[in-house]
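Enquirer: Would you mind keeping the following structure in view while I ask a few things?
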Amino acid sequence: MIMIKNNAKRIAGTAILAALALISFIIESLFPPLFIPGAKMGLSNIFTFLALILYGGGSGLATVLVKCLLGAVFGGNFSALMYSLPASLAALGAEYALFKLLFPKTSLVAISVVAAVIHNLVQNLVFCLVTQTPEALTYLPYLAVTGALAGVIVGLTCWSSLKILPAKYFSR
């Protein structure tokens with residue numbers, strides 16, 4: 001895969017992906033959690049992962065910051081920011097490291113699964129620290145499973161998007 005270096009194309013592409021991440025983040029926040037408290041599909045991570053793959057770590061970071069900060073503003077839930085931002089940053093850091101070190105020997109799906117599990121782990125740990133309820137750690141196995149499922153969906157969607165979309169969107 002070719003990372004786009006053209007500044008105008010990279011900035012415009014990052015802005016589009018950040019807007020899509022924000023929109024999907026807000027829409028997903030309107031639905032109740034899946035199965036257990038706090039479990040979401042994380043569809044906005046499709047766009048942050050695509051930003052990282054196509055435009056590099058800086059664009060991935062910008063997309064995460066837009067999604068989390070403006071998602072808190074537009075969603076009116078500033079307390080969620082203390083959970084979503086550290087978790088998103090940890091997941092992005094894992095994706096970045098794995099993508100740089102292991103791709104293409106490791107699939108995008110595997111990288112996405114690791115990042116999703118890390119995201120859920122960090123959110124749960126932050127929750128335990130903030131609320132001082134270590135009992136919430138009992139959710140970790142369930143969150144790992146839901147994170148793995150979400151990671152597969154995000155990874156497959158990113159892989160499919162890169163295969164289906166015309167190459168002109170990704171050329172230098």
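Starting from 1 in every chain, residues are counted up; chains themselves are A, B, ... following the order of the structure tokens, and ligands are numbered from 1 as listed.
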Write out as number ranges by chain each polymer residue whose atoms come within 12 Å of Ala72 in chain A, counting only C-alpha atoms; drop sequence neighbours fewer than 4 positions from it.
Expert: A: 22-23, 25-26, 29, 65-68, 76-85
Enquirer: List as a list in words the protein and nucleic acid residues near Thr138 in chain A, meaning an atom at most 12 Å away when only C-alpha atoms are counted, but skip any in the same chain fewer than 4 places from it.
Expert: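 What passes the distance filter is Ile36, Leu121, Asn124, Leu125, Cys128, Thr133, Pro134, Tyr142, Leu143 and Ala144 of chain A.
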Enquirer: Tell me, as a PyMOL selection string, which residues lie within 10 Å of Thr146 in chain A, counting only C-alpha atoms; anything in the same chain fewer than 2 positions away does not count.
Expert: chain A and resi 34-36+39-41+113+116-117+120+140-144+148-152
Enquirer: I'd like the contact shell of range 87-104 of chain A - 12 Å cut-off, only C-alpha atoms, skipping same-chain residues fewer than 5 positions apart - returned as a VMD selection string.
Expert: chain A and resid 1 to 3 25 42 44 to 69 80 to 82 109 to 127 147 151 155 159
Enquirer: Report the residues of chain A whose backbone DSSP state falls under helix (DSSP H, G or I), written as an NGL selection string.
Expert: :A and (7-29 or 45-55 or 57-75 or 78-102 or 108-131 or 134-164 or 167-169)
